[in-house]
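Below is one structure, written out as structure tokens; comments come after it.
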Amino acid sequence: MAGFLLRRLVNYAVLIAVATSLAYILAALALDPRSNYEGRSPRPPAAVIDAQLSLYNLNDHTPLIQRYLRWAGDVARGDLGRTWNGDRVDAELRRRLGVTARLILLGLVIGGVAGVLIGALAAVRQYGWFDRLSTVTAFLVLAIPTVVLANMLIIAAVWLNDHLGVQVFLVSGEETPGLEGGVGADVLDRVKHLALPTLSLAVGQIAVYSRYQRNMMLDVMDADFVRTAMAKGLRRRTALVKHALRTALIPAVTYFAFTFGSLLVGATITESVFGWHGMGEELVASIRSNDVNMVAAISCFAALAVLTASLASDVLQAVLDPRVRVG
Amino acid sequence: MMTLPEEEFAEVAADVGHGRVPSRTRVVAGRFFATGQGRLGFALLALMFLLAFAGPLLYPWSYTEMDFSAFMQPPSPAHWFGTLQTGSDVFAVTMRGAQKSLIVGLLVAVVSTGVAAAVGSVAGYFLGWTDRTLMWVADLLLVLPAFLILAIMSPLLAGGRWLLFVIMLALFLWMVTSKIVRGMTKAIKEREYVKAARFMGVPPAKIIYRHVIPNLASLLVVDATLNVSAAILTETTLSYFGFGIQPPDVSLGGLIADGSRTALYAPWTFWFAAGGLVVTILAVNLVGDSLRDALDPGGRGSA
């Protein structure tokens, strides 16, 4: 078992290293940080630009292999390098990771819990009105891309604010800068900012989880152990909650771990539309600003997040499902 | 789950009275159109295709034309969906965007499912080092952030090279299916008729083409359909950020990005493009879901 885990971890490390290197090389070939300096006015002398670029290891006049080796050596020592204008990449990443975590955690939890409940309820009364309604709604919601949904929410919120004459929802950023009025006002302000992005994340998640949970629940409800539980005298409700729902939850929990990992970098649209300065927004911004080191660092983090999430979902599966533990 | 011969037997038994055995395609089509869901999905998709490809032929404005006497005008008989700030006709550009999304979606789905079938069946059939290498490449592509890589490569797409875009999108969509295909191929390889073919000296490529792939047909058809909506979504998202289809060509993603800025006082700039996208995705998902039911031998309404 230990050998299996070790081999798997080594394989993960190799995958991350290769993926990050590929991303670095692609970014170094395709992006042009020199243009950022040349576009300034007054335009700095060529020698100054060269010196600046060399300092940050971004100079396209240095052979790619040299740049790559210097970058790889730094990364191996834990230094992710500098952005094109000299900030530390790791400090920037850490800040943005906090923003993204605050953004997605609530949306994912609400989405997961609500989705599981709706799916389980729908399965218990299969082909009842609730089942039909939730199926149709989930189908409609799954057809609305996040790009459309997030913008629809903003349009609706602005309309609502105008009609009520009060700013109920705030549609841009994480908090109002320079807000005064103590902790209470600050929390309220944050909630107003968080409501819409959370909703835009949660709605899609609810649709996915409810479909998933409904099918899992239907499979489990016919299983022998649920029939046995009812035969030994448990009420239907107790049997369904304690035996059926518990077993049917395992895939939902593992899926949660996986979604969390992929959304750390994947909430690009939600972050951009609602003006949250998180990882996903930085991903777009770093490409637009020709920030080679930042692009490589984000790829590295994304690879790490996806692999950690898939490892976590495997571990969770083993912890929750006794059948996996034996093998 | 019934095995293939059993299922065919069931079909034959059910149709003994007719004297003629209906082909598998007809059985599946019959089941597909028997459900309201299938009919609705097919009708919506057909409507989108008709509008996107035939609509512009009958319409006076093209997507490159600008009406300098009408900027930001609401829908009217002259401009069915209104006009943009530049004077472009919203109906013309939306239909052009829908055309691009549909073509890109279909091509990406076909290419990526084809790659998934080829890689998965080769890995599952040969096993050993071939398998390990191919699956390692699949893992690597799963780990690479697709959005970031595609966005970096987007300068290559300038000048209307959207076929390259199709190939790049497909490159990041085949991995999960190929793993499923690999697992199923391993099982099919153990069947008697495949063993018989191997011992008769039939070359591996022919076995895969003749015996393995046909057994996976149902899975692949459903997968291709679902890939259409996945591809359209990725394409729109990239285009939304300006990394996808490049101007002067238009895409629904780009239209939605521009429209969202003016949506509050000019709703027609946002809602027609957004609605077109939603209807397309909905139609594809409905078709995919109904196809899965229709192709599933043990599913509801089976013969």
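In the structure tokens, each chain is lettered A, B, ... as it comes, each chain's residues begin at 1, and ligands are numbered from 1 in order of appearance.
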Each chain B residue no farther than 9 Å from chain A, nearest pair in Å, only C-alpha atoms, as JSON lines:
{"residue": "B:Trp136", "atom": "CA", "partner": "A:Leu15", "partner_atom": "CA", "distance": 8.4}
{"residue": "B:Asp139", "atom": "CA", "partner": "A:Leu15", "partner_atom": "CA", "distance": 7.7}
{"residue": "B:Leu140", "atom": "CA", "partner": "A:Leu15", "partner_atom": "CA", "distance": 6.0}
{"residue": "B:Leu141", "atom": "CA", "partner": "A:Ala19", "partner_atom": "CA", "distance": 8.0}
{"residue": "B:Leu142", "atom": "CA", "partner": "A:Val306", "partner_atom": "CA", "distance": 8.6}
{"residue": "B:Val143", "atom": "CA", "partner": "A:Ala303", "partner_atom": "CA", "distance": 5.0}
{"residue": "B:Leu144", "atom": "CA", "partner": "A:Ala19", "partner_atom": "CA", "distance": 5.7}
{"residue": "B:Pro145", "atom": "CA", "partner": "A:Ser299", "partner_atom": "CA", "distance": 6.2}
{"residue": "B:Phe147", "atom": "CA", "partner": "A:Gly266", "partner_atom": "CA", "distance": 8.5}
{"residue": "B:Leu148", "atom": "CA", "partner": "A:Leu283", "partner_atom": "CA", "distance": 6.9}
{"residue": "B:Ile149", "atom": "CA", "partner": "A:Ala23", "partner_atom": "CA", "distance": 7.0}
{"residue": "B:Ala151", "atom": "CA", "partner": "A:Ile287", "partner_atom": "CA", "distance": 7.4}
{"residue": "B:Ile152", "atom": "CA", "partner": "A:Ala27", "partner_atom": "CA", "distance": 6.4}
{"residue": "B:Met153", "atom": "CA", "partner": "A:Ala30", "partner_atom": "CA", "distance": 6.9}
{"residue": "B:Pro155", "atom": "CA", "partner": "A:Ala30", "partner_atom": "CA", "distance": 7.8}
{"residue": "B:Leu156", "atom": "CA", "partner": "A:Ala30", "partner_atom": "CA", "distance": 8.9}
{"residue": "B:Ser229", "atom": "CA", "partner": "A:Ala143", "partner_atom": "CA", "distance": 8.7}
{"residue": "B:Leu233", "atom": "CA", "partner": "A:Pro145", "partner_atom": "CA", "distance": 6.8}
{"residue": "B:Thr236", "atom": "CA", "partner": "A:Val147", "partner_atom": "CA", "distance": 8.4}
{"residue": "B:Thr237", "atom": "CA", "partner": "A:Val147", "partner_atom": "CA", "distance": 7.0}
{"residue": "B:Tyr240", "atom": "CA", "partner": "A:Val147", "partner_atom": "CA", "distance": 7.9}
{"residue": "B:Phe241", "atom": "CA", "partner": "A:Val284", "partner_atom": "CA", "distance": 7.7}
{"residue": "B:Gly253", "atom": "CA", "partner": "A:Val147", "partner_atom": "CA", "distance": 8.2}
{"residue": "B:Ile256", "atom": "CA", "partner": "A:Val148", "partner_atom": "CA", "distance": 7.5}
{"residue": "B:Ala257", "atom": "CA", "partner": "A:Val147", "partner_atom": "CA", "distance": 8.3}
{"residue": "B:Ser260", "atom": "CA", "partner": "A:Asn151", "partner_atom": "CA", "distance": 6.3}
{"residue": "B:Ala263", "atom": "CA", "partner": "A:Ile155", "partner_atom": "CA", "distance": 7.3}
{"residue": "B:Leu264", "atom": "CA", "partner": "A:Ile155", "partner_atom": "CA", "distance": 6.4}
{"residue": "B:Ala274", "atom": "CA", "partner": "A:Val148", "partner_atom": "CA", "distance": 6.1}
{"residue": "B:Gly275", "atom": "CA", "partner": "A:Val148", "partner_atom": "CA", "distance": 8.8}
{"residue": "B:Leu277", "atom": "CA", "partner": "A:Ile144", "partner_atom": "CA", "distance": 8.0}
{"residue": "B:Val278", "atom": "CA", "partner": "A:Ile144", "partner_atom": "CA", "distance": 5.3}
{"residue": "B:Val279", "atom": "CA", "partner": "A:Ala143", "partner_atom": "CA", "distance": 7.5}
{"residue": "B:Thr280", "atom": "CA", "partner": "A:Ala143", "partner_atom": "CA", "distance": 8.2}
{"residue": "B:Ile281", "atom": "CA", "partner": "A:Ala143", "partner_atom": "CA", "distance": 5.2}
{"residue": "B:Leu282", "atom": "CA", "partner": "A:Ala143", "partner_atom": "CA", "distance": 4.8}
{"residue": "B:Ala283", "atom": "CA", "partner": "A:Ala143", "partner_atom": "CA", "distance": 8.5}
{"residue": "B:Asn285", "atom": "CA", "partner": "A:Ala143", "partner_atom": "CA", "distance": 7.5}
{"residue": "B:Leu286", "atom": "CA", "partner": "A:Phe139", "partner_atom": "CA", "distance": 8.2}
Keeping only N, CA and C atoms, write the selected residues to a file as an mmCIF file, in the first residue's frame.
data_model
loop_
_atom_site.group_PDB
_atom_site.id
_atom_site.type_symbol
_atom_site.label_atom_id
_atom_site.label_comp_id
_atom_site.auth_asym_id
_atom_site.auth_seq_id
_atom_site.Cartn_x
_atom_site.Cartn_y
_atom_site.Cartn_z
ATOM 1 N N TRP B 136 -0.519 8.194 -19.787
ATOM 2 C CA TRP B 136 0.247 9.253 -19.144
ATOM 3 C C TRP B 136 0.037 10.582 -19.881
ATOM 4 N N ASP B 139 -3.248 11.884 -18.826
ATOM 5 C CA ASP B 139 -3.155 12.493 -17.502
ATOM 6 C C ASP B 139 -2.535 13.879 -17.578
ATOM 7 N N LEU B 140 -1.478 13.976 -18.376
ATOM 8 C CA LEU B 140 -0.783 15.262 -18.500
ATOM 9 C C LEU B 140 -1.727 16.333 -19.027
ATOM 10 N N LEU B 141 -2.516 15.988 -20.053
ATOM 11 C CA LEU B 141 -3.434 16.974 -20.627
ATOM 12 C C LEU B 141 -4.565 17.312 -19.653
ATOM 13 N N LEU B 142 -4.918 16.345 -18.787
ATOM 14 C CA LEU B 142 -5.935 16.631 -17.781
ATOM 15 C C LEU B 142 -5.406 17.608 -16.742
ATOM 16 N N VAL B 143 -4.097 17.513 -16.477
ATOM 17 C CA VAL B 143 -3.497 18.337 -15.439
ATOM 18 C C VAL B 143 -3.219 19.757 -15.944
ATOM 19 N N LEU B 144 -2.890 19.883 -17.242
ATOM 20 C CA LEU B 144 -2.647 21.211 -17.815
ATOM 21 C C LEU B 144 -3.939 22.019 -17.799
ATOM 22 N N PRO B 145 -3.895 23.270 -17.350
ATOM 23 C CA PRO B 145 -5.103 24.100 -17.412
ATOM 24 C C PRO B 145 -5.439 24.453 -18.860
ATOM 25 N N PHE B 147 -7.819 26.102 -20.364
ATOM 26 C CA PHE B 147 -8.186 27.482 -20.694
ATOM 27 C C PHE B 147 -6.940 28.345 -20.892
ATOM 28 N N LEU B 148 -5.983 28.160 -19.985
ATOM 29 C CA LEU B 148 -4.764 28.966 -20.039
ATOM 30 C C LEU B 148 -3.955 28.665 -21.300
ATOM 31 N N ILE B 149 -3.794 27.374 -21.598
ATOM 32 C CA ILE B 149 -3.012 27.005 -22.775
ATOM 33 C C ILE B 149 -3.680 27.530 -24.047
ATOM 34 N N ALA B 151 -5.687 30.003 -24.315
ATOM 35 C CA ALA B 151 -5.615 31.461 -24.359
ATOM 36 C C ALA B 151 -4.231 31.922 -24.814
ATOM 37 N N ILE B 152 -3.169 31.245 -24.351
ATOM 38 C CA ILE B 152 -1.816 31.624 -24.775
ATOM 39 C C ILE B 152 -1.653 31.442 -26.278
ATOM 40 N N MET B 153 -2.259 30.348 -26.790
ATOM 41 C CA MET B 153 -2.092 30.040 -28.209
ATOM 42 C C MET B 153 -2.955 30.927 -29.105
ATOM 43 N N PRO B 155 -3.040 33.977 -30.186
ATOM 44 C CA PRO B 155 -2.514 34.812 -31.278
ATOM 45 C C PRO B 155 -2.332 34.039 -32.582
ATOM 46 N N LEU B 156 -2.134 32.715 -32.472
ATOM 47 C CA LEU B 156 -1.991 31.899 -33.685
ATOM 48 C C LEU B 156 -3.265 31.900 -34.523
ATOM 49 N N SER B 229 -21.824 20.302 -26.778
ATOM 50 C CA SER B 229 -22.123 21.421 -25.886
ATOM 51 C C SER B 229 -20.895 21.833 -25.098
ATOM 52 N N LEU B 233 -19.400 25.629 -25.248
ATOM 53 C CA LEU B 233 -19.196 26.408 -24.030
ATOM 54 C C LEU B 233 -17.762 26.913 -23.924
ATOM 55 N N THR B 236 -17.225 29.705 -26.509
ATOM 56 C CA THR B 236 -17.837 30.982 -26.125
ATOM 57 C C THR B 236 -17.070 31.637 -24.997
ATOM 58 N N THR B 237 -16.634 30.829 -24.020
ATOM 59 C CA THR B 237 -15.903 31.417 -22.899
ATOM 60 C C THR B 237 -14.607 32.061 -23.378
ATOM 61 N N TYR B 240 -15.378 35.103 -25.249
ATOM 62 C CA TYR B 240 -15.830 36.149 -24.330
ATOM 63 C C TYR B 240 -14.658 36.992 -23.875
ATOM 64 N N PHE B 241 -13.517 36.331 -23.621
ATOM 65 C CA PHE B 241 -12.336 37.056 -23.164
ATOM 66 C C PHE B 241 -11.456 37.509 -24.323
ATOM 67 N N GLY B 253 -19.774 34.264 -28.053
ATOM 68 C CA GLY B 253 -19.077 34.681 -26.843
ATOM 69 C C GLY B 253 -18.683 36.155 -26.895
ATOM 70 N N ILE B 256 -21.755 38.369 -26.627
ATOM 71 C CA ILE B 256 -22.264 38.449 -25.262
ATOM 72 C C ILE B 256 -21.395 39.376 -24.429
ATOM 73 N N ALA B 257 -20.072 39.292 -24.625
ATOM 74 C CA ALA B 257 -19.161 40.166 -23.882
ATOM 75 C C ALA B 257 -19.468 41.628 -24.180
ATOM 76 N N SER B 260 -23.072 42.633 -22.880
ATOM 77 C CA SER B 260 -23.294 42.758 -21.444
ATOM 78 C C SER B 260 -22.989 44.174 -20.965
ATOM 79 N N ALA B 263 -26.227 46.141 -22.010
ATOM 80 C CA ALA B 263 -27.499 45.437 -21.835
ATOM 81 C C ALA B 263 -28.536 46.261 -21.076
ATOM 82 N N LEU B 264 -28.079 47.132 -20.171
ATOM 83 C CA LEU B 264 -29.037 47.817 -19.303
ATOM 84 C C LEU B 264 -29.909 48.806 -20.057
ATOM 85 N N ALA B 274 -27.351 35.885 -26.141
ATOM 86 C CA ALA B 274 -27.410 34.999 -24.980
ATOM 87 C C ALA B 274 -28.485 33.930 -25.177
ATOM 88 N N GLY B 275 -29.654 34.357 -25.673
ATOM 89 C CA GLY B 275 -30.748 33.412 -25.901
ATOM 90 C C GLY B 275 -30.369 32.361 -26.940
ATOM 91 N N LEU B 277 -27.454 31.221 -27.625
ATOM 92 C CA LEU B 277 -26.503 30.285 -27.017
ATOM 93 C C LEU B 277 -27.233 29.292 -26.117
ATOM 94 N N VAL B 278 -28.131 29.818 -25.278
ATOM 95 C CA VAL B 278 -28.848 28.949 -24.334
ATOM 96 C C VAL B 278 -29.698 27.917 -25.088
ATOM 97 N N VAL B 279 -30.414 28.372 -26.130
ATOM 98 C CA VAL B 279 -31.257 27.438 -26.884
ATOM 99 C C VAL B 279 -30.406 26.357 -27.547
ATOM 100 N N THR B 280 -29.242 26.763 -28.104
ATOM 101 C CA THR B 280 -28.375 25.774 -28.745
ATOM 102 C C THR B 280 -27.914 24.710 -27.749
ATOM 103 N N ILE B 281 -27.411 25.159 -26.602
ATOM 104 C CA ILE B 281 -26.911 24.213 -25.592
ATOM 105 C C ILE B 281 -28.043 23.313 -25.117
ATOM 106 N N LEU B 282 -29.206 23.929 -24.860
ATOM 107 C CA LEU B 282 -30.355 23.159 -24.381
ATOM 108 C C LEU B 282 -30.713 22.074 -25.395
ATOM 109 N N ALA B 283 -30.763 22.460 -26.686
ATOM 110 C CA ALA B 283 -31.131 21.498 -27.728
ATOM 111 C C ALA B 283 -30.137 20.348 -27.786
ATOM 112 N N ASN B 285 -28.107 19.267 -25.420
ATOM 113 C CA ASN B 285 -28.234 18.428 -24.224
ATOM 114 C C ASN B 285 -29.454 17.519 -24.296
ATOM 115 N N LEU B 286 -30.573 18.063 -24.780
ATOM 116 C CA LEU B 286 -31.790 17.253 -24.900
ATOM 117 C C LEU B 286 -31.560 16.099 -25.866
#
Item to check | Picked from range 3-244 of chain A by DSSP as helix (DSSP H, G or I), as JSON, numbers by chain | outcome: {"A": [3, 4, 5, 6, 7, 8, 9, 10, 11, 12, 13, 14, 15, 16, 17, 18, 19, 20, 21, 22, 23, 24, 25, 26, 27, 28, 29, 30, 33, 34, 35, 36, 37, 38, 46, 47, 48, 49, 50, 51, 52, 53, 54, 55, 64, 65, 66, 67, 68, 69, 70, 71, 72, 73, 74, 75, 76, 89, 90, 91, 92, 93, 94, 95, 96, 97, 98, 99, 100, 101, 102, 103, 104, 105, 106, 107, 108, 109, 110, 111, 112, 113, 114, 115, 116, 117, 118, 119, 120, 121, 122, 123, 124, 129, 130, 131, 132, 133, 134, 135, 136, 137, 138, 139, 140, 141, 142, 146, 147, 148, 149, 150, 151, 152, 153, 154, 155, 156, 157, 158, 159, 160, 161, 162, 163, 164, 182, 183, 184, 185, 186, 187, 188, 189, 190, 191, 192, 193, 194, 195, 196, 197, 198, 199, 200, 201, 202, 203, 204, 205, 206, 207, 208, 209, 210, 211, 212, 213, 214, 215, 216, 217, 218, 219, 220, 221, 224, 225, 226, 227, 228, 229, 230, 231, 236, 237, 238, 239, 240, 241, 242, 243, 244]}
Exercise: Met184 in chain B partners within 12 Å, only C-alpha atoms, chain neighbours under 3 positions left out, as a PDB file with N, CA and C atoms, in the first residue's frame:
ATOM      1  N   ALA B 117     -11.649   7.520 -29.137  1.00  0.00           N
ATOM      2  CA  ALA B 117     -11.861   6.133 -29.549  1.00  0.00           C
ATOM      3  C   ALA B 117     -10.542   5.492 -29.969  1.00  0.00           C
ATOM      4  N   GLY B 120      -8.048   5.333 -26.774  1.00  0.00           N
ATOM      5  CA  GLY B 120      -8.544   4.418 -25.756  1.00  0.00           C
ATOM      6  C   GLY B 120      -8.507   2.972 -26.215  1.00  0.00           C
ATOM      7  N   SER B 121      -8.910   2.705 -27.477  1.00  0.00           N
ATOM      8  CA  SER B 121      -8.948   1.311 -27.916  1.00  0.00           C
ATOM      9  C   SER B 121      -7.541   0.765 -28.148  1.00  0.00           C
ATOM     10  N   VAL B 122      -6.642   1.599 -28.647  1.00  0.00           N
ATOM     11  CA  VAL B 122      -5.257   1.136 -28.831  1.00  0.00           C
ATOM     12  C   VAL B 122      -4.631   0.840 -27.469  1.00  0.00           C
ATOM     13  N   ALA B 123      -4.827   1.753 -26.503  1.00  0.00           N
ATOM     14  CA  ALA B 123      -4.254   1.544 -25.163  1.00  0.00           C
ATOM     15  C   ALA B 123      -4.833   0.284 -24.530  1.00  0.00           C
ATOM     16  N   GLY B 124      -6.142   0.105 -24.639  1.00  0.00           N
ATOM     17  CA  GLY B 124      -6.783  -1.034 -23.995  1.00  0.00           C
ATOM     18  C   GLY B 124      -6.496  -2.344 -24.701  1.00  0.00           C
ATOM     19  N   TYR B 125      -6.212  -2.280 -26.007  1.00  0.00           N
ATOM     20  CA  TYR B 125      -5.966  -3.514 -26.755  1.00  0.00           C
ATOM     21  C   TYR B 125      -4.538  -3.989 -26.572  1.00  0.00           C
ATOM     22  N   THR B 177     -13.044  10.422 -21.912  1.00  0.00           N
ATOM     23  CA  THR B 177     -13.670   9.372 -22.709  1.00  0.00           C
ATOM     24  C   THR B 177     -12.676   8.278 -23.068  1.00  0.00           C
ATOM     25  N   SER B 178     -11.440   8.677 -23.394  1.00  0.00           N
ATOM     26  CA  SER B 178     -10.460   7.664 -23.802  1.00  0.00           C
ATOM     27  C   SER B 178     -10.212   6.676 -22.664  1.00  0.00           C
ATOM     28  N   LYS B 179     -10.309   7.154 -21.424  1.00  0.00           N
ATOM     29  CA  LYS B 179     -10.114   6.236 -20.289  1.00  0.00           C
ATOM     30  C   LYS B 179     -11.273   5.242 -20.185  1.00  0.00           C
ATOM     31  N   ILE B 180     -12.488   5.730 -20.446  1.00  0.00           N
ATOM     32  CA  ILE B 180     -13.638   4.822 -20.422  1.00  0.00           C
ATOM     33  C   ILE B 180     -13.505   3.805 -21.549  1.00  0.00           C
ATOM     34  N   VAL B 181     -13.145   4.312 -22.756  1.00  0.00           N
ATOM     35  CA  VAL B 181     -12.988   3.426 -23.912  1.00  0.00           C
ATOM     36  C   VAL B 181     -11.935   2.360 -23.625  1.00  0.00           C
ATOM     37  N   ALA B 187     -12.204  -5.249 -21.668  1.00  0.00           N
ATOM     38  CA  ALA B 187     -13.219  -6.287 -21.477  1.00  0.00           C
ATOM     39  C   ALA B 187     -13.559  -6.977 -22.796  1.00  0.00           C
ATOM     40  N   ILE B 188     -13.698  -6.163 -23.866  1.00  0.00           N
ATOM     41  CA  ILE B 188     -14.081  -6.737 -25.167  1.00  0.00           C
ATOM     42  C   ILE B 188     -12.994  -7.668 -25.691  1.00  0.00           C
ATOM     43  N   LYS B 189     -11.742  -7.337 -25.372  1.00  0.00           N
ATOM     44  CA  LYS B 189     -10.617  -8.132 -25.849  1.00  0.00           C
ATOM     45  C   LYS B 189     -10.724  -9.584 -25.378  1.00  0.00           C
ATOM     46  N   GLU B 190     -11.382  -9.794 -24.255  1.00  0.00           N
ATOM     47  CA  GLU B 190     -11.484 -11.140 -23.697  1.00  0.00           C
ATOM     48  C   GLU B 190     -12.642 -11.938 -24.297  1.00  0.00           C
ATOM     49  N   ARG B 191     -13.470 -11.302 -25.139  1.00  0.00           N
ATOM     50  CA  ARG B 191     -14.604 -12.035 -25.720  1.00  0.00           C
ATOM     51  C   ARG B 191     -14.114 -13.095 -26.712  1.00  0.00           C
ATOM     52  N   VAL B 212     -13.877  -3.973 -32.022  1.00  0.00           N
ATOM     53  CA  VAL B 212     -13.882  -3.182 -30.787  1.00  0.00           C
ATOM     54  C   VAL B 212     -14.744  -1.934 -30.946  1.00  0.00           C
ATOM     55  N   ILE B 213     -14.419  -1.115 -31.951  1.00  0.00           N
ATOM     56  CA  ILE B 213     -15.117   0.163 -32.113  1.00  0.00           C
ATOM     57  C   ILE B 213     -16.631  -0.014 -32.266  1.00  0.00           C
ATOM     58  N   PRO B 214     -17.123  -0.948 -33.126  1.00  0.00           N
ATOM     59  CA  PRO B 214     -18.576  -1.097 -33.245  1.00  0.00           C
ATOM     60  C   PRO B 214     -19.254  -1.406 -31.908  1.00  0.00           C
ATOM     61  N   ASN B 215     -18.554  -2.133 -31.027  1.00  0.00           N
ATOM     62  CA  ASN B 215     -19.130  -2.430 -29.727  1.00  0.00           C
ATOM     63  C   ASN B 215     -19.251  -1.201 -28.839  1.00  0.00           C
ATOM     64  N   LEU B 216     -18.460  -0.166 -29.152  1.00  0.00           N
ATOM     65  CA  LEU B 216     -18.468   1.041 -28.338  1.00  0.00           C
ATOM     66  C   LEU B 216     -19.347   2.124 -28.955  1.00  0.00           C
ATOM     67  N   ALA B 217     -19.999   1.795 -30.081  1.00  0.00           N
ATOM     68  CA  ALA B 217     -20.692   2.829 -30.853  1.00  0.00           C
ATOM     69  C   ALA B 217     -21.654   3.657 -30.011  1.00  0.00           C
ATOM     70  N   LEU B 219     -21.734   4.320 -26.785  1.00  0.00           N
ATOM     71  CA  LEU B 219     -21.004   5.232 -25.903  1.00  0.00           C
ATOM     72  C   LEU B 219     -20.457   6.414 -26.689  1.00  0.00           C
ATOM     73  N   LEU B 220     -19.877   6.125 -27.856  1.00  0.00           N
ATOM     74  CA  LEU B 220     -19.215   7.177 -28.619  1.00  0.00           C
ATOM     75  C   LEU B 220     -20.220   8.184 -29.170  1.00  0.00           C
TER      76      LEU B 220
END
Item to check | Members of range 26-249 of chain B assigned strand (DSSP E or B) by DSSP, as number ranges by chain | outcome: B: 66, 83, 88-89
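Around Thr86 in chain B, within 9 Å and counting only C-alpha atoms, the residues found are Met66, Asp67, Phe68, Ala70, Phe71 and Met72 of chain B, once anything fewer than 5 positions away on its own chain is removed.
Minimum atom-to-atom distances from A:Ile250, A:Val183, A:Ala2, A:Leu194 to Thr100 in chain A were compared using only C-alpha atoms, and the lowest value belongs to A:Leu194.
Nearest-residue note for Ala78 in chain B: choosing from B:Val221, B:Val115, B:Ala92, B:Ile103, the minimum distance belongs to B:Ala92, counting only C-alpha atoms.
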Checklist entry - Excluding same-chain residues fewer than 5 positions from Gly178 in chain A, what lies within 12 Å of it counting only C-alpha atoms, as a count of residues only? => result 3
Within 12 Å of Gly55 in chain B, counting only C-alpha atoms, which residues qualify if same-chain residues fewer than 4 places away don't, as a JSON list (two decimals) with N, CA and C atoms, in the first residue's frame?
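Just written: out.json:
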[["chain", "number", "residue", "atom", "x", "y", "z"],
["B", 47, "LEU", "N", -34.13, 23.93, -35.85],
["B", 47, "LEU", "CA", -34.51, 25.34, -35.97],
["B", 47, "LEU", "C", -33.26, 26.23, -35.92],
["B", 48, "MET", "N", -32.36, 25.94, -34.98],
["B", 48, "MET", "CA", -31.14, 26.74, -34.86],
["B", 48, "MET", "C", -30.31, 26.64, -36.14],
["B", 49, "PHE", "N", -30.19, 25.40, -36.66],
["B", 49, "PHE", "CA", -29.42, 25.22, -37.89],
["B", 49, "PHE", "C", -30.05, 26.00, -39.04],
["B", 50, "LEU", "N", -31.38, 25.89, -39.14],
["B", 50, "LEU", "CA", -32.09, 26.54, -40.23],
["B", 50, "LEU", "C", -31.90, 28.05, -40.16],
["B", 51, "LEU", "N", -32.10, 28.60, -38.95],
["B", 51, "LEU", "CA", -31.96, 30.04, -38.75],
["B", 51, "LEU", "C", -30.53, 30.48, -39.06],
["B", 59, "TYR", "N", -31.91, 37.38, -45.66],
["B", 59, "TYR", "CA", -31.94, 38.62, -44.90],
["B", 59, "TYR", "C", -31.11, 39.68, -45.60],
["B", 60, "PRO", "N", -31.61, 40.91, -45.68],
["B", 60, "PRO", "CA", -30.91, 41.93, -46.49],
["B", 60, "PRO", "C", -29.52, 42.31, -45.96],
["B", 61, "TRP", "N", -29.29, 42.21, -44.64],
["B", 61, "TRP", "CA", -28.01, 42.69, -44.11],
["B", 61, "TRP", "C", -27.04, 41.52, -43.91],
["B", 62, "SER", "N", -25.76, 41.76, -44.16],
["B", 62, "SER", "CA", -24.77, 40.73, -43.85],
["B", 62, "SER", "C", -24.03, 41.15, -42.58],
["B", 63, "TYR", "N", -23.28, 40.18, -41.97],
["B", 63, "TYR", "CA", -22.67, 40.49, -40.68],
["B", 63, "TYR", "C", -21.53, 41.49, -40.78],
["B", 80, "TRP", "N", -34.37, 43.33, -37.64],
["B", 80, "TRP", "CA", -35.24, 42.52, -36.79],
["B", 80, "TRP", "C", -34.82, 42.51, -35.33],
["B", 91, "PHE", "N", -29.28, 40.79, -35.86],
["B", 91, "PHE", "CA", -29.71, 39.49, -36.38],
["B", 91, "PHE", "C", -28.58, 38.87, -37.22],
["B", 92, "ALA", "N", -27.99, 39.68, -38.09],
["B", 92, "ALA", "CA", -26.94, 39.15, -38.97],
["B", 92, "ALA", "C", -25.74, 38.65, -38.17],
["B", 93, "VAL", "N", -25.28, 39.44, -37.19],
["B", 93, "VAL", "CA", -24.09, 39.00, -36.44],
["B", 93, "VAL", "C", -24.41, 37.82, -35.53],
["B", 94, "THR", "N", -25.62, 37.81, -34.95],
["B", 94, "THR", "CA", -25.98, 36.69, -34.08],
["B", 94, "THR", "C", -26.02, 35.39, -34.87],
["B", 95, "MET", "N", -26.61, 35.44, -36.07],
["B", 95, "MET", "CA", -26.68, 34.23, -36.89],
["B", 95, "MET", "C", -25.29, 33.78, -37.33],
["B", 96, "ARG", "N", -24.42, 34.74, -37.63],
["B", 96, "ARG", "CA", -23.05, 34.40, -37.99],
["B", 96, "ARG", "C", -22.36, 33.73, -36.78],
["B", 98, "ALA", "N", -23.84, 32.13, -34.34],
["B", 98, "ALA", "CA", -24.44, 30.81, -34.13],
["B", 98, "ALA", "C", -23.86, 29.81, -35.12],
["B", 99, "GLN", "N", -23.68, 30.26, -36.39],
["B", 99, "GLN", "CA", -23.04, 29.39, -37.40],
["B", 99, "GLN", "C", -21.70, 28.91, -36.92]]
Checklist entry - What's the 12 Å shell around range 127-132 of chain A, counting only C-alpha atoms, without same-chain residues fewer than 3 positions away, as a count of residues only? => result 18
